[in-house]
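J.: This is run_34.cif (mmCIF, C-alpha atoms).
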```cif
data_run
loop_
_atom_site.label_atom_id
_atom_site.label_comp_id
_atom_site.auth_asym_id
_atom_site.auth_seq_id
_atom_site.Cartn_x
_atom_site.Cartn_y
_atom_site.Cartn_z
CA MET A 1 19.60 -18.66 -60.40
CA LEU A 2 16.55 -19.34 -58.25
CA TYR A 3 14.02 -17.91 -60.69
CA LEU A 4 15.75 -19.20 -63.81
CA LEU A 5 15.46 -22.70 -62.39
CA THR A 6 11.87 -22.05 -61.40
CA LEU A 7 10.89 -20.77 -64.81
CA VAL A 8 12.30 -23.80 -66.55
CA LEU A 9 10.61 -26.22 -64.17
CA LEU A 10 7.30 -24.42 -64.03
CA PHE A 11 6.73 -23.37 -67.59
CA GLY A 12 9.21 -25.38 -69.61
CA SER A 13 7.49 -28.70 -68.94
CA PRO A 14 4.61 -29.63 -71.25
CA ALA A 15 2.76 -31.30 -68.32
CA SER A 16 3.01 -28.37 -65.94
CA ALA A 17 -0.80 -28.04 -65.32
CA ALA A 18 -4.02 -30.01 -65.78
CA ASP A 19 -5.64 -27.49 -68.11
CA GLU A 20 -5.19 -23.95 -69.37
CA SER A 21 -7.08 -22.25 -66.56
CA GLU A 22 -5.02 -23.95 -63.86
CA GLU A 23 -1.83 -23.22 -65.75
CA ALA A 24 -2.79 -19.56 -66.03
CA ARG A 25 -3.56 -19.35 -62.32
CA ALA A 26 -0.28 -21.07 -61.44
CA ARG A 27 1.61 -18.59 -63.64
CA GLU A 28 -0.16 -15.70 -61.94
CA LEU A 29 0.66 -17.01 -58.45
CA TYR A 30 4.27 -17.58 -59.43
CA THR A 31 4.56 -14.02 -60.72
CA ASN A 32 2.95 -12.57 -57.60
CA GLY A 33 5.13 -14.66 -55.33
CA ARG A 34 8.30 -13.67 -57.15
CA GLU A 35 7.47 -9.95 -56.92
CA LEU A 36 6.65 -10.23 -53.22
CA TYR A 37 9.86 -12.14 -52.62
CA GLU A 38 11.93 -9.46 -54.36
CA GLU A 39 10.19 -6.79 -52.24
CA GLY A 40 11.16 -8.64 -49.08
CA GLN A 41 7.57 -9.63 -48.24
CA TYR A 42 8.49 -13.23 -47.66
CA GLU A 43 5.40 -14.30 -45.72
CA ALA A 44 3.10 -13.08 -48.49
CA ALA A 45 5.35 -14.72 -51.08
CA ILE A 46 5.06 -18.02 -49.22
CA MET A 47 1.26 -17.77 -49.35
CA ALA A 48 1.36 -17.27 -53.13
CA PHE A 49 3.83 -20.11 -53.69
CA GLU A 50 1.92 -22.50 -51.47
CA ARG A 51 -1.31 -21.80 -53.34
CA GLY A 52 0.50 -22.25 -56.63
CA TYR A 53 1.79 -25.62 -55.47
CA GLN A 54 -1.72 -26.71 -54.40
CA ILE A 55 -3.01 -25.96 -57.89
CA SER A 56 -0.14 -27.23 -60.03
CA GLN A 57 1.77 -29.68 -57.77
CA LEU A 58 4.94 -28.44 -59.43
CA PRO A 59 8.06 -29.06 -57.22
CA ALA A 60 9.58 -25.71 -58.20
CA PHE A 61 7.12 -24.00 -55.85
CA LEU A 62 8.58 -26.03 -52.99
CA PHE A 63 12.04 -24.72 -53.83
CA ASN A 64 10.77 -21.12 -53.71
CA ILE A 65 8.96 -21.68 -50.41
CA ALA A 66 12.18 -23.04 -48.89
CA ASN A 67 14.07 -19.92 -50.02
CA ALA A 68 11.46 -17.62 -48.52
CA TYR A 69 11.53 -19.44 -45.17
CA GLU A 70 15.30 -19.22 -45.15
CA ARG A 71 15.08 -15.46 -45.62
CA LEU A 72 12.64 -15.31 -42.71
CA GLY A 73 15.12 -17.20 -40.54
CA ASP A 74 12.86 -20.23 -40.12
CA LEU A 75 15.54 -22.76 -40.95
CA ASP A 76 13.52 -25.77 -39.83
CA LYS A 77 10.81 -25.10 -42.43
CA ALA A 78 13.39 -24.20 -45.07
CA ILE A 79 15.06 -27.56 -44.52
CA SER A 80 11.72 -29.34 -44.58
CA TYR A 81 10.67 -27.84 -47.94
CA LEU A 82 14.10 -28.46 -49.47
CA ASN A 83 13.83 -32.10 -48.47
CA GLN A 84 10.41 -32.26 -50.14
CA TYR A 85 11.85 -30.65 -53.29
CA ARG A 86 14.82 -33.06 -53.25
CA ALA A 87 12.43 -35.96 -53.77
CA PHE A 88 11.58 -34.51 -57.20
CA ALA A 89 15.00 -33.05 -58.07
CA SER A 90 17.16 -34.39 -60.87
CA ALA A 91 20.27 -36.42 -60.16
CA GLU A 92 22.46 -33.42 -61.05
CA GLU A 93 20.79 -31.29 -58.37
CA ARG A 94 20.85 -33.73 -55.48
CA ASP A 95 24.48 -33.26 -54.48
CA SER A 96 24.15 -29.48 -54.28
CA LEU A 97 20.82 -29.80 -52.45
CA GLU A 98 22.33 -32.14 -49.87
CA ARG A 99 25.20 -29.72 -49.29
CA ARG A 100 22.78 -26.83 -48.89
CA ILE A 101 20.54 -28.75 -46.47
CA LYS A 102 23.59 -29.75 -44.43
CA ALA A 103 24.74 -26.13 -44.31
CA LEU A 104 21.29 -25.01 -43.14
CA GLU A 105 21.28 -27.69 -40.44
CA ASN A 106 24.67 -26.50 -39.20
CA ARG A 107 23.45 -22.91 -39.12
CA ARG A 108 20.35 -23.95 -37.20
CA ASP A 109 22.40 -25.86 -34.63
CA GLU A 110 24.86 -22.98 -34.20
CA LEU A 111 22.03 -20.50 -33.66
CA ALA A 112 20.42 -22.82 -31.11
CA ASN A 113 23.68 -23.16 -29.19
CA THR A 114 24.24 -19.41 -29.28
CA ALA A 115 20.72 -18.69 -27.99
CA VAL A 116 21.00 -21.15 -25.14
CA GLY A 117 24.63 -20.46 -24.35
CA PRO A 118 26.83 -22.46 -22.03
CA THR A 119 25.38 -23.44 -18.70
CA PRO A 120 26.73 -20.95 -16.16
CA THR A 121 28.77 -22.48 -13.39
CA PRO A 122 27.30 -21.40 -10.06
CA THR A 123 29.70 -19.48 -7.88
CA PRO A 124 30.16 -21.40 -4.66
CA THR A 125 29.15 -19.52 -1.55
CA PRO A 126 32.13 -19.11 0.74
CA THR A 127 31.69 -21.20 3.86
CA PRO A 128 32.80 -19.48 7.04
CA THR A 129 35.67 -21.37 8.60
CA PRO A 130 35.02 -22.51 12.15
CA GLY A 131 38.58 -21.56 13.01
CA GLY A 132 37.74 -17.87 12.67
CA ARG A 133 35.06 -18.07 15.36
CA ARG A 134 37.30 -20.15 17.57
CA HIS A 135 40.07 -17.58 17.32
CA VAL A 136 37.67 -14.75 18.16
CA ALA A 137 36.55 -16.61 21.27
CA GLY A 138 40.15 -17.36 22.20
CA TRP A 139 41.28 -13.76 21.87
CA THR A 140 38.26 -12.65 23.87
CA MET A 141 39.21 -15.01 26.67
CA VAL A 142 42.80 -13.80 26.56
CA GLY A 143 41.69 -10.17 26.80
CA VAL A 144 39.09 -10.64 29.54
CA GLY A 145 41.19 -13.09 31.53
CA GLY A 146 44.28 -10.96 31.22
CA GLY A 147 42.44 -7.86 32.37
CA LEU A 148 40.94 -9.69 35.33
CA ALA A 149 44.33 -11.13 36.30
CA ILE A 150 45.99 -7.72 36.18
CA ALA A 151 43.25 -6.00 38.13
CA GLY A 152 43.07 -8.79 40.72
CA GLY A 153 46.83 -8.84 41.07
CA ALA A 154 46.98 -5.09 41.56
CA VAL A 155 44.26 -5.14 44.26
CA ALA A 156 45.91 -8.12 45.96
CA ALA A 157 49.27 -6.34 46.06
CA ILE A 158 47.79 -3.13 47.46
CA THR A 159 45.72 -4.85 50.15
CA TYR A 160 48.67 -7.07 51.11
CA ASN A 161 50.96 -4.08 51.64
CA GLN A 162 48.28 -2.27 53.63
CA SER A 163 47.62 -5.33 55.79
CA LEU A 164 51.31 -5.58 56.65
CA SER A 165 51.39 -1.95 57.76
CA LEU A 166 48.26 -2.37 59.85
CA ARG A 167 49.54 -5.54 61.49
CA ASP A 168 52.75 -3.80 62.53
CA GLU A 169 50.86 -0.91 64.18
CA GLY A 170 49.38 -3.19 66.85
CA THR A 171 46.39 -0.95 67.66
CA VAL A 172 42.81 -2.10 67.96
CA GLU A 173 41.73 0.07 65.06
CA ALA A 174 44.57 -1.22 62.95
CA ARG A 175 43.66 -4.79 63.77
CA ASP A 176 40.01 -4.17 62.75
CA ASP A 177 41.14 -2.66 59.46
CA TYR A 178 43.48 -5.60 58.95
CA GLU A 179 40.63 -8.05 59.39
CA GLN A 180 38.53 -6.13 56.86
CA LEU A 181 41.34 -6.22 54.29
CA ARG A 182 41.94 -9.95 54.53
CA PRO A 183 38.79 -11.09 52.60
CA ILE A 184 39.39 -8.37 50.00
CA ASN A 185 42.92 -9.56 49.53
CA GLY A 186 41.77 -13.15 49.23
CA ALA A 187 39.12 -12.27 46.69
CA ALA A 188 41.63 -10.28 44.64
CA ILE A 189 44.07 -13.19 44.65
CA ALA A 190 41.30 -15.53 43.55
CA ALA A 191 40.21 -13.15 40.78
CA ALA A 192 43.79 -12.84 39.57
CA GLY A 193 44.10 -16.61 39.49
CA VAL A 194 40.83 -17.09 37.60
CA GLY A 195 41.74 -14.34 35.12
CA ALA A 196 45.14 -15.87 34.49
CA GLY A 197 43.57 -19.27 33.94
CA VAL A 198 41.03 -17.91 31.47
CA ALA A 199 43.75 -16.04 29.56
CA VAL A 200 45.95 -19.11 29.38
CA LEU A 201 43.01 -21.26 28.23
CA GLY A 202 42.16 -18.78 25.48
CA GLY A 203 45.76 -18.73 24.27
CA VAL A 204 45.90 -22.50 24.22
CA GLY A 205 42.59 -22.60 22.34
CA ILE A 206 43.94 -20.33 19.62
CA ALA A 207 47.09 -22.37 19.26
CA ALA A 208 45.49 -25.81 19.43
CA ASP A 209 42.35 -24.88 17.46
CA PHE A 210 40.02 -26.70 19.83
CA LEU A 211 37.82 -23.88 21.03
CA THR A 212 34.32 -23.46 19.56
CA VAL A 213 31.47 -21.08 20.27
CA SER A 214 27.89 -22.35 20.07
CA PRO A 215 25.16 -19.65 20.10
CA THR A 216 22.10 -20.19 22.27
CA ARG A 217 18.97 -18.17 22.93
CA GLY A 218 20.44 -16.83 26.11
CA GLY A 219 23.75 -15.90 24.53
CA GLY A 220 26.30 -18.61 23.89
CA HIS A 221 28.59 -21.13 25.46
CA VAL A 222 32.17 -22.18 24.93
CA THR A 223 32.95 -25.78 24.12
CA LEU A 224 36.37 -27.37 24.43
CA ARG A 225 37.16 -29.95 21.77
CA TRP A 226 40.45 -31.79 21.82
CA ARG A 227 41.87 -32.98 18.52
CA PHE A 228 44.72 -35.48 18.29
#
```
If you took the structure in this file and wrote it as structure tokens, what would it be?

T.:
Amino acid sequence: MLYLLTLVLLFGSPASAADESEEARARELYTNGRELYEEGQYEAAIMAFERGYQISQLPAFLFNIANAYERLGDLDKAISYLNQYRAFASAEERDSLERRIKALENRRDELANTAVGPTPTPTPTPTPTPGGRRHVAGWTMVGVGGGLAIAGGAVAAITYNQSLSLRDEGTVEARDDYEQLRPINGAAIAAAGVGAGVAVLGGVGIAADFLTVSPTRGGGHVTLRWRF
């Protein structure tokens, strides 16, 4: 259909060329372009058709150039040359040309959208919850404080029992040993109390979610933050 139309437009019109030499050259370029097109050498065919159009100014060459660009996948140029050809087309051709141009424009837009693709949605980076750090600090305080309270309590109980035995003996040596045990017993009681307090504070921090840990160059510090 393409070449039948081209033959009629190119050679069927009595005013197809300015003189015989130009007409002969236009025929030759048309023949070369058609053969190259059929061989799949579309770029070379375009060169022949463009030269033929320069010589003859026949619109049928524009139609062939548009077909060759379409085969090459250059839809923008195919649309451009079809629009140029439409300016010279008969009234019977215009409807089909408009439909073809519209179809090419749709293909071009679909290919552009496929090449670009949808914009990927960035995956949000999970933000560490402060509660996790607070709970770690709280459990650490419970463990350390609990251990200190148990150890202090055990030492306090042992030294207390020993001091009672020494006090009952009533000897000078026993009294000296008793006096040495008193500060140890006091320190153990104090350690047990501090450990118990730390453990209780850690447990409350876990439950109330008010304990935070702030790192520093020297290590870190615990901050109490009440929330109502």

J.: Give me the region 17-36 of chain A side of the contact with region 50-54 of chain A, cut-off 12 Å, one line per residue showing its nearest atom pair and distance in Å at one decimal, counting all atoms listed in the file, sorted by chain and residue number, as CSV.

T.:
```
residue,atom,partner,partner_atom,distance
A:Ala17,CA,A:Tyr53,CA,10.5
A:Glu22,CA,A:Gly52,CA,9.3
A:Glu23,CA,A:Gly52,CA,9.5
A:Ala24,CA,A:Gly52,CA,10.3
A:Arg25,CA,A:Gly52,CA,7.6
A:Ala26,CA,A:Gly52,CA,5.0
A:Arg27,CA,A:Gly52,CA,8.0
A:Glu28,CA,A:Gly52,CA,8.5
A:Leu29,CA,A:Gly52,CA,5.5
A:Tyr30,CA,A:Gly52,CA,6.6
A:Thr31,CA,A:Gly52,CA,10.0
A:Asn32,CA,A:Gly52,CA,10.0
A:Gly33,CA,A:Gly52,CA,9.0
A:Arg34,CA,A:Gly52,CA,11.6
```

J.: So, with all atoms listed in the file as the atoms that count, which of A:Gly202, A:Leu62, A:Tyr37, A:Tyr69 lies closest to Val136 (chain A)?

T.: A:Gly202

J.: Within 9 Å of (47.7, -6.9, 49.9) (file coordinates; all atoms listed in the file), which protein or nucleic acid residues are there? I'd like them as a list in words.

T.: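 I get Ala154, Val155, Ala156, Ala157, Ile158, Thr159, Tyr160, Asn161, Gln162, Ser163, Leu164, Leu181, Arg182, Ile184, Asn185, Gly186, Ala188 and Ile189 of chain A for the residues within 9 Å of that point.
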
J.: Ranking A:Arg86, A:Glu105, A:Met47, A:Glu98 by minimum distance to Asp74 (chain A) and counting only C-alpha atoms, which one comes first?

T.: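 Under the stated criterion, the closest residue is A:Glu105.
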
J.: Find, counting all atoms listed in the file, the residue in A:Ser90, A:Gln84, A:Ser21, A:Gln180 that gets nearest to Ala66 (chain A).

T.: A:Gln84

J.: Which of these residues is nearest to Phe88 (chain A), using all atoms listed in the file: A:Asn67, A:Thr140, A:Gln57, A:Thr114?

T.: A:Gln57

J.: Counting all atoms listed in the file, which residues come within 6 Å of (49.2, -12.9, 33.9), with the point read in the file's coordinates, and could you list them as a list of chain:residue names?

T.: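 I get A:Gly146, A:Ala149, A:Ala196 for the residues within 6 Å of that point.
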
J.: Figure out the distance between CA of Phe49 (chain A) and CA of Asn64 (chain A), please, to one decimal in Å.

T.: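 Atom-to-atom, CA of Asn64 (chain A) to CA of Phe49 (chain A), that is 7.0 Å.
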
J.: What does the structure give for the distance between CA of Glu20 (chain A) and CA of Leu58 (chain A), in Å to one decimal?

T.: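 Distance between the two atoms: 14.9 Å.
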
J.: Restricting the calculation to only C-alpha atoms, which member of A:Glu43, A:Glu38, A:Ile101, A:Val198 is positioned closest to Ser80 (chain A)?

T.: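 Ranked by minimum distance to Ser80 (chain A), first place goes to A:Ile101.
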
J.: For Ala190 (chain A), which residue out of A:Ala151, A:Asp76, A:Ala60, A:Asn83 is the nearest one, using all atoms listed in the file?

T.: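 The shortest atom-to-atom distance to Ala190 (chain A) comes from A:Ala151.
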
J.: Have a look at CA of Ala78 (chain A) and CA of Leu36 (chain A) and let me know their distance in Å, one decimal.

T.: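 Pair CA of Ala78 (chain A) / CA of Leu36 (chain A) returns 17.5 Å.
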
J.: Do you know which residues the PyMOL selection byres ((chain A and resi 199) around 9) returns on this file, as a ChimeraX atom specification?

T.: /A:138-147,149,194-198,200-204

J.: Box time for region 200-204 of chain A: axis-aligned, enclosing all its listed atoms, 8 Å extra on each side; report centre and edge lengths in Å to one decimal, as AutoDock Vina command-line options.

T.:
```
--center_x 44.1 --center_y -20.6 --center_z 26.8 --size_x 19.8 --size_y 19.8 --size_z 21.2
```

J.: Just region 33-122 of chain A, please, as an mmCIF file, in the first residue's frame (only C-alpha atoms).

T.:
```
data_model
loop_
_atom_site.group_PDB
_atom_site.id
_atom_site.type_symbol
_atom_site.label_atom_id
_atom_site.label_comp_id
_atom_site.auth_asym_id
_atom_site.auth_seq_id
_atom_site.Cartn_x
_atom_site.Cartn_y
_atom_site.Cartn_z
ATOM 1 C CA GLY A 33 15.187 4.244 -1.498
ATOM 2 C CA ARG A 34 12.508 1.607 -1.967
ATOM 3 C CA GLU A 35 15.098 -1.174 -2.397
ATOM 4 C CA LEU A 36 17.021 -0.030 0.671
ATOM 5 C CA TYR A 37 13.807 0.144 2.660
ATOM 6 C CA GLU A 38 12.862 -3.413 1.686
ATOM 7 C CA GLU A 39 16.357 -4.584 2.709
ATOM 8 C CA GLY A 40 15.903 -3.024 6.133
ATOM 9 C CA GLN A 41 18.525 -0.317 5.540
ATOM 10 C CA TYR A 42 16.245 2.423 6.732
ATOM 11 C CA GLU A 43 18.868 5.111 7.342
ATOM 12 C CA ALA A 44 20.189 4.795 3.793
ATOM 13 C CA ALA A 45 16.625 4.766 2.471
ATOM 14 C CA ILE A 46 15.933 8.017 4.315
ATOM 15 C CA MET A 47 18.961 9.622 2.648
ATOM 16 C CA ALA A 48 17.669 8.627 -0.794
ATOM 17 C CA PHE A 49 14.121 9.803 -0.085
ATOM 18 C CA GLU A 50 15.280 13.107 1.369
ATOM 19 C CA ARG A 51 17.417 13.805 -1.693
ATOM 20 C CA GLY A 52 14.517 12.868 -3.928
ATOM 21 C CA TYR A 53 12.289 15.319 -2.083
ATOM 22 C CA GLN A 54 14.884 18.097 -2.426
ATOM 23 C CA ILE A 55 14.910 17.603 -6.190
ATOM 24 C CA SER A 56 11.227 17.016 -6.882
ATOM 25 C CA GLN A 57 9.399 18.525 -3.859
ATOM 26 C CA LEU A 58 6.905 15.682 -4.203
ATOM 27 C CA PRO A 59 5.029 15.015 -0.888
ATOM 28 C CA ALA A 60 5.126 11.250 -1.440
ATOM 29 C CA PHE A 61 8.799 11.282 -0.428
ATOM 30 C CA LEU A 62 7.761 12.723 2.940
ATOM 31 C CA PHE A 63 5.393 9.799 3.449
ATOM 32 C CA ASN A 64 8.223 7.315 2.760
ATOM 33 C CA ILE A 65 10.620 9.122 5.091
ATOM 34 C CA ALA A 66 8.030 8.951 7.875
ATOM 35 C CA ASN A 67 7.671 5.181 7.361
ATOM 36 C CA ALA A 68 11.423 4.668 7.492
ATOM 37 C CA TYR A 69 11.757 6.663 10.720
ATOM 38 C CA GLU A 70 8.941 4.645 12.239
ATOM 39 C CA ARG A 71 10.798 1.438 11.412
ATOM 40 C CA LEU A 72 13.897 2.890 13.074
ATOM 41 C CA GLY A 73 11.866 3.617 16.199
ATOM 42 C CA ASP A 74 12.279 7.382 15.926
ATOM 43 C CA LEU A 75 8.621 8.158 16.446
ATOM 44 C CA ASP A 76 9.123 11.895 16.906
ATOM 45 C CA LYS A 77 10.563 12.268 13.391
ATOM 46 C CA ALA A 78 7.987 9.887 11.948
ATOM 47 C CA ILE A 79 5.226 12.058 13.390
ATOM 48 C CA SER A 80 6.923 15.210 12.141
ATOM 49 C CA TYR A 81 7.185 13.953 8.529
ATOM 50 C CA LEU A 82 3.621 12.619 8.562
ATOM 51 C CA ASN A 83 2.411 16.035 9.657
ATOM 52 C CA GLN A 84 4.341 17.602 6.774
ATOM 53 C CA TYR A 85 2.808 15.090 4.353
ATOM 54 C CA ARG A 86 -0.684 15.736 5.772
ATOM 55 C CA ALA A 87 -0.461 19.326 4.576
ATOM 56 C CA PHE A 88 -0.412 18.019 0.986
ATOM 57 C CA ALA A 89 -2.680 14.987 1.449
ATOM 58 C CA SER A 90 -6.099 14.709 -0.136
ATOM 59 C CA ALA A 91 -9.256 15.062 1.921
ATOM 60 C CA GLU A 92 -9.809 11.282 1.750
ATOM 61 C CA GLU A 93 -6.426 10.616 3.352
ATOM 62 C CA ARG A 94 -6.565 13.088 6.212
ATOM 63 C CA ASP A 95 -8.767 11.066 8.542
ATOM 64 C CA SER A 96 -6.553 7.986 8.289
ATOM 65 C CA LEU A 97 -3.423 10.121 8.647
ATOM 66 C CA GLU A 98 -4.759 11.762 11.790
ATOM 67 C CA ARG A 99 -5.567 8.360 13.279
ATOM 68 C CA ARG A 100 -2.088 7.091 12.441
ATOM 69 C CA ILE A 101 -0.377 10.159 13.902
ATOM 70 C CA LYS A 102 -2.456 9.823 17.069
ATOM 71 C CA ALA A 103 -1.503 6.155 17.353
ATOM 72 C CA LEU A 104 2.185 7.022 16.945
ATOM 73 C CA GLU A 105 1.904 9.715 19.617
ATOM 74 C CA ASN A 106 0.334 7.212 22.009
ATOM 75 C CA ARG A 107 3.102 4.704 21.306
ATOM 76 C CA ARG A 108 5.738 7.372 21.899
ATOM 77 C CA ASP A 109 4.190 8.379 25.219
ATOM 78 C CA GLU A 110 3.867 4.761 26.363
ATOM 79 C CA LEU A 111 7.505 4.061 25.525
ATOM 80 C CA ALA A 112 8.589 7.193 27.390
ATOM 81 C CA ASN A 113 6.631 6.171 30.473
ATOM 82 C CA THR A 114 8.023 2.639 30.312
ATOM 83 C CA ALA A 115 11.611 3.902 30.021
ATOM 84 C CA VAL A 116 11.276 6.281 32.937
ATOM 85 C CA GLY A 117 9.101 4.036 35.056
ATOM 86 C CA PRO A 118 7.291 5.017 38.219
ATOM 87 C CA THR A 119 9.216 7.016 40.752
ATOM 88 C CA PRO A 120 10.382 4.560 43.410
ATOM 89 C CA THR A 121 9.110 5.269 46.883
ATOM 90 C CA PRO A 122 12.072 5.500 49.238
#
```
